[in-house]
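Colleague: Next up is a structure, given as structure tokens.
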Amino acid sequence: MCGIIGYAGDENAVPIIVDGLKKLEYRGYDSAGIAVFGEGGFEVAKQKGRLAELEKRLESLPIAGRMGIGHTRWATHGEPSDINSHPHLGSGSKIAVVHNGIIENYKQLKERLEARGIPFASQTDSEVVAQLAEHYYEGDLLDTVIKTTNALEGSYALGLMCLAEPDVLVAVKKDNPLIVGVSEQGNFIASDVPAILKHTNRVYYLDDKEIAVLTKDSVKFYNTDKEPLAKEAETITWSVDSAEKGGYPHFMLKEIMEQPKVVRETIQSGINIDPLHITAFNKIVITACGSAYNAGVVSKYVFERLCRFRAIEVELASEFRYKDPCVDEKTLVILVSQSGETADTIAAMREAKAKGAVTLSIVNVVGSTLAKEADHTVYTAAGPEIAVATTKAFSTQLVVLYKLAVQFALELQKLTPEGAKALLEEIAAIPGKITELLNHVDDIQKYAASCIGYKSIFFIGRNIDYAIALEGSLKLKEISYIHSEAYAGGELKHGTISLVEDNTLVVALSCCQRLYPKILSNIEQVISRGAKVFLVSNVTQAEESDKLSLLKLPDIHELFSPSLSVIVLQLFSYYVAANKGLDIDKPRNLAKSVTVE
């Protein structure tokens, strides 16, 4: 989590870093801070709370310098506080550090340093890096970074400045994202592209244990043996506007409304995974975290129906690496992640590769760890997604998984070319149907306005409708803080229905014609116990009543219906949260890119 940015150039670093932190605040917002080289040494401003609190402090106590580092925090060690905020300085104020990640051996290192009389000010693992670097420093910051990182265990992306080298900014990473941007006005480090996109679209992606040494005029790269590395810059195709709200009250609503465009672009971008042949495998494992995992659950139904593959499993990446998974060279492991930097998903990929499996990543970020390390990669075209709760990235993941299933089914001869063509035409029609659905936002908004008072909301569905109900429930709890759970409709009578009482809200999904009578029976069961039901369906013949509200979806093949159902669920969650006056883009305790376990 956490967001870091650094700048070395000819301009005042403070407004550049603050602006970059605004673009990174989705990565953590417990506290924020900046350190710059001033006339008398390091000038530091740190503040608990949102970035706006730091801005207020900088207005009353301004600082300035032409090189600096900044940080927005998602707490892992030590409560949110001014003192636990980054940047951290060594006890002699000679080294300043920003850190994203977790130092697993920080207690041992801290004890060693304290035994040498070095005092610590914070409760964070990150301060250890600053204290250790200051302890090791003997006149060369690059040497110091190498020696320091060799002593660290865990994950990190680091930006370091040294009082004795006022024109040098050093960055290094391991298992956490870090990029280097170059421009005529100066050079940058950042956790993610949006932080520097206003200034440059030319970036370098650091690999693990690669070190970048920046001045205002140059960028040089080294390995941990201090050998120079040759790297090529990449050009980012995202526009600056794509990382702005564009007049919407929240990024989440903007990103929901962008879905027709990004889904269309993802469909049109094609899937090139030659020479991967599905006939070489006897098992498919889809692994991911959070919403990406839910996309995998949806796709399991699609793969099974189309490919008739005997073994298709969906695993939480956080559990996959610890269960001694049964995978081998005959297994295809599909890894799904928006950022390509999700720590648990990266670990799952490495575990799968160690056991001989072939890996295929579905990611949104070029140059990310998953994209670089997987055997095969398919990119989504979601563009930058700023809201913590994913919407458009999820929808683009779905259509990639649909297209993979059709491609595999054709290769396995479970589909004729004509059958595959018909399904691809159905997929190609999804963006237009999303647009049609978005024309009825007002209907969803009006219904959501009546749902503020609920303390618990249940989502039910059958078959693939149950799979997308998982995502609807997750969206609601993420941003509205209302307890919600998703259940397969048939499981209600096995315990859950005991929770249904007067004025319970149940969101029911029904896009499977053959199962409509089953879900209707479940609806009748909960209504008879006092519940109110919001039915989202394209097959219903039900009539609305004081207990049943209905939203009709456009017609679509049931296997691809989640791409429409999820739009309603996203909007429903958004407007419930908006009506409660919540900070939708930055829900409490969450951050966008989960780069720690």
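In the structure tokens, chains take the letters A, B, ... in the order shown, each chain's residues start at 1, and ligands count up from 1 in the order shown.
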I want to know what sits within 12 Å of Asn463 (chain A), based on only C-alpha atoms, with residues of the same chain fewer than 2 positions away left out; could you give that as an MDAnalysis selection string?
Modeller: chainID A and resid 297:302 304:305 460:461 465:470 487:491 509:516 518:519 558:559 561:562
Colleague: Extract, using only C-alpha atoms, all DNA, RNA and protein residues at most 8 Å from region 44-57 of chain A, discarding same-chain residues fewer than 3 positions from it, and format them as a compact mmCIF listing (two decimals) with N, CA and C atoms, in the first residue's frame.
Modeller:
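Final file, around-v4.txt:
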```
# COMPACT_ATOMS: atom_id res chain seq x y z
N VAL A 18 3.34 17.45 -3.39
CA VAL A 18 1.97 17.48 -2.87
C VAL A 18 0.99 17.06 -3.96
N LEU A 21 1.23 13.39 -4.40
CA LEU A 21 0.60 12.66 -3.30
C LEU A 21 -0.92 12.64 -3.45
N LYS A 22 -1.49 13.71 -4.01
CA LYS A 22 -2.94 13.71 -4.26
C LYS A 22 -3.32 12.59 -5.21
N GLU A 25 -3.09 9.21 -3.14
CA GLU A 25 -3.73 9.09 -1.83
C GLU A 25 -4.60 7.83 -1.74
N TYR A 29 -4.13 6.74 3.40
CA TYR A 29 -4.48 8.10 3.80
C TYR A 29 -4.61 8.23 5.31
N ASP A 30 -3.75 7.48 6.03
CA ASP A 30 -3.68 7.64 7.49
C ASP A 30 -2.89 8.88 7.87
N SER A 31 -1.90 9.23 7.04
CA SER A 31 -1.04 10.37 7.31
C SER A 31 -0.24 10.66 6.05
N ALA A 32 0.43 11.80 6.04
CA ALA A 32 1.24 12.16 4.88
C ALA A 32 2.39 13.03 5.34
N GLY A 33 3.44 13.08 4.52
CA GLY A 33 4.59 13.89 4.89
C GLY A 33 5.51 14.17 3.73
N ILE A 34 6.35 15.18 3.90
CA ILE A 34 7.32 15.60 2.89
C ILE A 34 8.64 15.95 3.59
N ALA A 35 9.74 15.62 2.94
CA ALA A 35 11.05 16.11 3.35
C ALA A 35 11.75 16.68 2.12
N VAL A 36 12.32 17.87 2.25
CA VAL A 36 13.05 18.49 1.14
C VAL A 36 14.40 19.00 1.66
N SER A 60 0.72 27.18 6.70
CA SER A 60 1.10 27.97 7.87
C SER A 60 2.60 27.92 8.14
N LEU A 61 3.24 26.81 7.80
CA LEU A 61 4.68 26.65 8.00
C LEU A 61 5.31 26.15 6.70
N PRO A 62 5.47 27.03 5.71
CA PRO A 62 5.95 26.58 4.40
C PRO A 62 7.39 26.10 4.44
N ILE A 63 7.67 25.15 3.58
CA ILE A 63 9.04 24.68 3.36
C ILE A 63 9.31 24.72 1.86
N THR A 72 2.39 9.05 1.42
CA THR A 72 1.05 8.95 1.99
C THR A 72 0.89 7.54 2.53
N PRO A 80 -1.65 5.41 13.28
CA PRO A 80 -1.51 6.68 12.56
C PRO A 80 -1.22 7.82 13.54
N SER A 81 -0.14 8.54 13.31
CA SER A 81 0.23 9.66 14.18
C SER A 81 1.25 10.50 13.43
N ASP A 82 1.48 11.70 13.94
CA ASP A 82 2.49 12.55 13.31
C ASP A 82 3.86 11.88 13.35
N ILE A 83 4.21 11.30 14.48
CA ILE A 83 5.55 10.75 14.64
C ILE A 83 5.75 9.49 13.81
N SER A 85 4.38 9.04 10.92
CA SER A 85 4.30 9.41 9.51
C SER A 85 5.68 9.40 8.87
N HIS A 86 5.68 9.25 7.57
CA HIS A 86 6.93 9.35 6.79
C HIS A 86 7.03 10.78 6.24
N PRO A 87 8.22 11.20 5.84
CA PRO A 87 9.51 10.53 5.84
C PRO A 87 10.08 10.36 7.25
```
Colleague: Just checking: using only C-alpha atoms, which residue out of A:Asn282, A:Ser473, A:Gln570, A:Thr149 ends up closest to Val441 (chain A)?
Modeller: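 Answer, going by the shortest atom-to-atom distance: A:Gln570.
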Colleague: Which is closest to Gly453 (chain A) among A:Leu412, A:Val399, A:Glu43, A:Ala577, if we use only C-alpha atoms?
Modeller: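 Checking each candidate against Gly453 (chain A), we get A:Ala577 as the closest.
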Colleague: Would you work out the distance separating CA of Asp328 (chain A) from CA of Ala311 (chain A), expressed in Å to one decimal?
Modeller: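 The value is 13.1 Å.
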Colleague: Residues near Leu404 (chain A), anyone? I mean within 10 Å using only C-alpha atoms, not counting same-chain ones fewer than 2 positions away, as a ChimeraX atom specification.
Modeller: /A:270-271,273,299,302-303,378,398-402,406-410
Colleague: Kindly export the residues of the current selection with N, CA and C atoms, as a tab-separated table (two decimals), in the first residue's frame.
Modeller:
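Okay, this is what ended up in out_17.tsv:
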```
chain	number	residue	atom	x	y	z
A	270	GLY	N	-7.78	-7.53	-28.30
A	270	GLY	CA	-7.44	-8.90	-28.67
A	270	GLY	C	-6.63	-9.62	-27.59
A	271	ILE	N	-6.46	-10.91	-27.81
A	271	ILE	CA	-5.71	-11.75	-26.87
A	271	ILE	C	-4.64	-12.51	-27.66
A	273	ILE	N	-1.74	-14.92	-26.95
A	273	ILE	CA	-1.02	-15.75	-25.98
A	273	ILE	C	-0.32	-16.92	-26.66
A	299	SER	N	-15.79	-16.44	-13.86
A	299	SER	CA	-15.24	-17.10	-15.05
A	299	SER	C	-15.21	-18.62	-14.92
A	302	VAL	N	-18.08	-19.88	-16.65
A	302	VAL	CA	-17.96	-19.72	-18.10
A	302	VAL	C	-17.02	-20.78	-18.67
A	303	PHE	N	-15.88	-20.97	-18.04
A	303	PHE	CA	-14.92	-21.99	-18.51
A	303	PHE	C	-15.54	-23.38	-18.47
A	378	VAL	N	-1.95	-10.98	-20.57
A	378	VAL	CA	-2.99	-10.29	-21.33
A	378	VAL	C	-3.31	-9.01	-20.56
A	398	LEU	N	-13.41	-9.23	-16.58
A	398	LEU	CA	-14.46	-10.17	-16.98
A	398	LEU	C	-14.41	-10.46	-18.46
A	399	VAL	N	-14.33	-9.41	-19.30
A	399	VAL	CA	-14.40	-9.66	-20.74
A	399	VAL	C	-13.15	-10.38	-21.25
A	400	VAL	N	-12.00	-10.14	-20.63
A	400	VAL	CA	-10.81	-10.90	-21.00
A	400	VAL	C	-11.01	-12.39	-20.67
A	401	LEU	N	-11.56	-12.67	-19.51
A	401	LEU	CA	-11.80	-14.07	-19.11
A	401	LEU	C	-12.84	-14.72	-20.02
A	402	TYR	N	-13.89	-13.96	-20.42
A	402	TYR	CA	-14.86	-14.51	-21.38
A	402	TYR	C	-14.17	-14.91	-22.67
A	406	VAL	N	-13.76	-18.63	-24.58
A	406	VAL	CA	-14.19	-18.94	-25.95
A	406	VAL	C	-13.00	-19.46	-26.77
A	407	GLN	N	-11.86	-18.81	-26.62
A	407	GLN	CA	-10.67	-19.23	-27.36
A	407	GLN	C	-10.26	-20.65	-26.97
A	408	PHE	N	-10.26	-20.94	-25.68
A	408	PHE	CA	-9.90	-22.28	-25.22
A	408	PHE	C	-10.91	-23.32	-25.70
A	409	ALA	N	-12.20	-22.98	-25.63
A	409	ALA	CA	-13.25	-23.92	-26.05
A	409	ALA	C	-13.12	-24.25	-27.53
A	410	LEU	N	-12.77	-23.26	-28.31
A	410	LEU	CA	-12.58	-23.49	-29.75
A	410	LEU	C	-11.39	-24.42	-29.98
```
Colleague: Extract, using only C-alpha atoms, all DNA, RNA and protein residues at most 10 Å from Met252 (chain A), discarding same-chain residues fewer than 4 positions from it, and format them as a list in words.
Modeller: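 Counting only C-alpha atoms, the residues come to Lys245, Tyr248, Ile256, Met257, Glu258, Glu385, Ile386, Ala387, Val388, Ala389, Thr390, Thr391, Lys392, Gln570, Leu571, Tyr574, Ile584, Asp585 and Lys586 of chain A.
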Colleague: Selected residues, all heavy atoms, written as a short mmCIF file (atom, residue, chain, number, x, y, z; two decimals), in the first residue's frame, please.
Modeller:
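This went into part-v2.cif:
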```cif
data_model
loop_
_atom_site.label_atom_id
_atom_site.label_comp_id
_atom_site.auth_asym_id
_atom_site.auth_seq_id
_atom_site.Cartn_x
_atom_site.Cartn_y
_atom_site.Cartn_z
N LYS A 245 -10.94 13.77 -12.16
CA LYS A 245 -12.36 13.46 -11.94
C LYS A 245 -13.25 13.86 -13.11
O LYS A 245 -14.33 13.30 -13.28
CB LYS A 245 -12.86 14.15 -10.67
CG LYS A 245 -12.38 13.50 -9.39
CD LYS A 245 -12.99 14.21 -8.19
CE LYS A 245 -12.45 13.63 -6.89
NZ LYS A 245 -12.98 14.37 -5.71
N TYR A 248 -16.98 14.84 -12.27
CA TYR A 248 -17.79 13.95 -11.44
C TYR A 248 -17.49 14.19 -9.96
O TYR A 248 -16.37 14.60 -9.61
CB TYR A 248 -17.48 12.49 -11.78
CG TYR A 248 -18.04 12.05 -13.10
CD1 TYR A 248 -17.27 12.09 -14.26
CD2 TYR A 248 -19.34 11.56 -13.19
CE1 TYR A 248 -17.78 11.69 -15.48
CE2 TYR A 248 -19.86 11.14 -14.41
CZ TYR A 248 -19.08 11.21 -15.55
OH TYR A 248 -19.60 10.80 -16.76
N ILE A 256 -17.21 4.23 -13.16
CA ILE A 256 -18.39 3.44 -13.55
C ILE A 256 -18.86 3.88 -14.93
O ILE A 256 -19.14 3.05 -15.81
CB ILE A 256 -19.52 3.60 -12.52
CG1 ILE A 256 -19.16 2.89 -11.21
CG2 ILE A 256 -20.84 3.04 -13.07
CD1 ILE A 256 -20.13 3.17 -10.07
N MET A 257 -18.93 5.19 -15.14
CA MET A 257 -19.44 5.72 -16.39
C MET A 257 -18.47 5.50 -17.56
O MET A 257 -18.87 5.56 -18.72
CB MET A 257 -19.76 7.21 -16.25
CG MET A 257 -20.76 7.54 -15.14
SD MET A 257 -22.33 6.64 -15.26
CE MET A 257 -23.08 7.53 -16.62
N GLU A 258 -17.21 5.25 -17.27
CA GLU A 258 -16.22 4.99 -18.33
C GLU A 258 -16.28 3.55 -18.85
O GLU A 258 -15.59 3.22 -19.83
CB GLU A 258 -14.81 5.25 -17.79
CG GLU A 258 -14.47 6.71 -17.61
CD GLU A 258 -13.11 6.91 -16.98
OE1 GLU A 258 -12.58 5.97 -16.37
OE2 GLU A 258 -12.57 8.02 -17.11
N GLU A 385 -7.13 3.61 -12.59
CA GLU A 385 -8.30 3.50 -11.74
C GLU A 385 -7.91 4.04 -10.37
O GLU A 385 -7.06 3.48 -9.70
CB GLU A 385 -8.78 2.05 -11.64
CG GLU A 385 -10.11 1.91 -10.93
CD GLU A 385 -10.61 0.47 -10.91
OE1 GLU A 385 -9.93 -0.37 -10.32
OE2 GLU A 385 -11.67 0.23 -11.50
N ILE A 386 -8.54 5.14 -9.99
CA ILE A 386 -8.14 5.87 -8.80
C ILE A 386 -8.96 5.48 -7.57
O ILE A 386 -8.43 5.38 -6.47
CB ILE A 386 -8.23 7.39 -9.03
CG1 ILE A 386 -7.47 7.79 -10.31
CG2 ILE A 386 -7.71 8.15 -7.83
CD1 ILE A 386 -6.00 7.42 -10.30
N ALA A 387 -10.27 5.31 -7.73
CA ALA A 387 -11.10 4.92 -6.60
C ALA A 387 -10.61 3.59 -6.03
O ALA A 387 -10.24 2.68 -6.78
CB ALA A 387 -12.56 4.79 -7.03
N VAL A 388 -10.61 3.49 -4.72
CA VAL A 388 -10.14 2.26 -4.08
C VAL A 388 -11.01 1.06 -4.48
O VAL A 388 -10.51 -0.02 -4.78
CB VAL A 388 -10.10 2.42 -2.55
CG1 VAL A 388 -9.90 1.08 -1.85
CG2 VAL A 388 -8.98 3.38 -2.16
N ALA A 389 -12.33 1.25 -4.51
CA ALA A 389 -13.24 0.17 -4.90
C ALA A 389 -13.23 0.04 -6.42
O ALA A 389 -13.62 0.97 -7.13
CB ALA A 389 -14.65 0.46 -4.40
N THR A 390 -12.81 -1.09 -6.91
CA THR A 390 -12.67 -1.26 -8.36
C THR A 390 -14.02 -1.38 -9.04
O THR A 390 -14.97 -1.95 -8.51
CB THR A 390 -11.82 -2.49 -8.68
OG1 THR A 390 -11.65 -2.59 -10.11
CG2 THR A 390 -12.47 -3.77 -8.19
N THR A 391 -14.10 -0.82 -10.24
CA THR A 391 -15.29 -0.95 -11.07
C THR A 391 -14.88 -1.30 -12.50
O THR A 391 -15.05 -2.42 -12.94
CB THR A 391 -16.12 0.35 -11.06
OG1 THR A 391 -15.26 1.46 -11.39
CG2 THR A 391 -16.74 0.59 -9.69
N LYS A 392 -14.26 -0.35 -13.18
CA LYS A 392 -13.94 -0.58 -14.58
C LYS A 392 -12.84 -1.64 -14.77
O LYS A 392 -12.86 -2.38 -15.75
CB LYS A 392 -13.54 0.72 -15.28
CG LYS A 392 -12.31 1.42 -14.74
CD LYS A 392 -12.01 2.67 -15.56
CE LYS A 392 -10.75 3.38 -15.05
NZ LYS A 392 -10.34 4.48 -15.96
N GLN A 570 -22.75 -1.94 -8.75
CA GLN A 570 -21.81 -0.85 -8.50
C GLN A 570 -22.54 0.47 -8.22
O GLN A 570 -22.22 1.19 -7.26
CB GLN A 570 -20.88 -0.67 -9.71
CG GLN A 570 -19.91 -1.80 -9.93
CD GLN A 570 -19.23 -1.73 -11.30
OE1 GLN A 570 -19.56 -0.86 -12.12
NE2 GLN A 570 -18.28 -2.61 -11.55
N LEU A 571 -23.51 0.78 -9.06
CA LEU A 571 -24.26 2.02 -8.90
C LEU A 571 -25.08 2.01 -7.61
O LEU A 571 -25.17 3.02 -6.91
CB LEU A 571 -25.16 2.26 -10.10
CG LEU A 571 -24.44 2.70 -11.38
CD1 LEU A 571 -25.37 2.56 -12.58
CD2 LEU A 571 -23.95 4.14 -11.26
N TYR A 574 -22.69 2.62 -4.84
CA TYR A 574 -22.22 4.01 -4.88
C TYR A 574 -23.26 4.96 -4.30
O TYR A 574 -22.93 5.81 -3.46
CB TYR A 574 -21.88 4.41 -6.32
CG TYR A 574 -21.59 5.88 -6.45
CD1 TYR A 574 -20.33 6.39 -6.13
CD2 TYR A 574 -22.57 6.78 -6.86
CE1 TYR A 574 -20.06 7.75 -6.21
CE2 TYR A 574 -22.32 8.14 -6.94
CZ TYR A 574 -21.06 8.62 -6.61
OH TYR A 574 -20.81 9.96 -6.68
N ILE A 584 -16.30 8.17 -0.56
CA ILE A 584 -16.44 6.96 -1.39
C ILE A 584 -15.12 6.52 -2.01
O ILE A 584 -14.83 5.31 -2.06
CB ILE A 584 -17.50 7.22 -2.48
CG1 ILE A 584 -18.88 7.36 -1.83
CG2 ILE A 584 -17.51 6.10 -3.52
CD1 ILE A 584 -19.96 7.82 -2.77
N ASP A 585 -14.32 7.45 -2.48
CA ASP A 585 -13.07 7.07 -3.15
C ASP A 585 -12.02 6.54 -2.19
O ASP A 585 -11.10 5.84 -2.60
CB ASP A 585 -12.49 8.26 -3.91
CG ASP A 585 -13.31 8.62 -5.14
OD1 ASP A 585 -14.00 7.74 -5.67
OD2 ASP A 585 -13.26 9.79 -5.56
N LYS A 586 -12.14 6.89 -0.90
CA LYS A 586 -11.13 6.49 0.08
C LYS A 586 -11.81 5.86 1.29
O LYS A 586 -11.81 6.43 2.39
CB LYS A 586 -10.30 7.70 0.51
CG LYS A 586 -9.63 8.45 -0.64
CD LYS A 586 -8.83 9.61 -0.12
CE LYS A 586 -8.27 10.46 -1.25
NZ LYS A 586 -9.30 11.26 -1.92
#
```
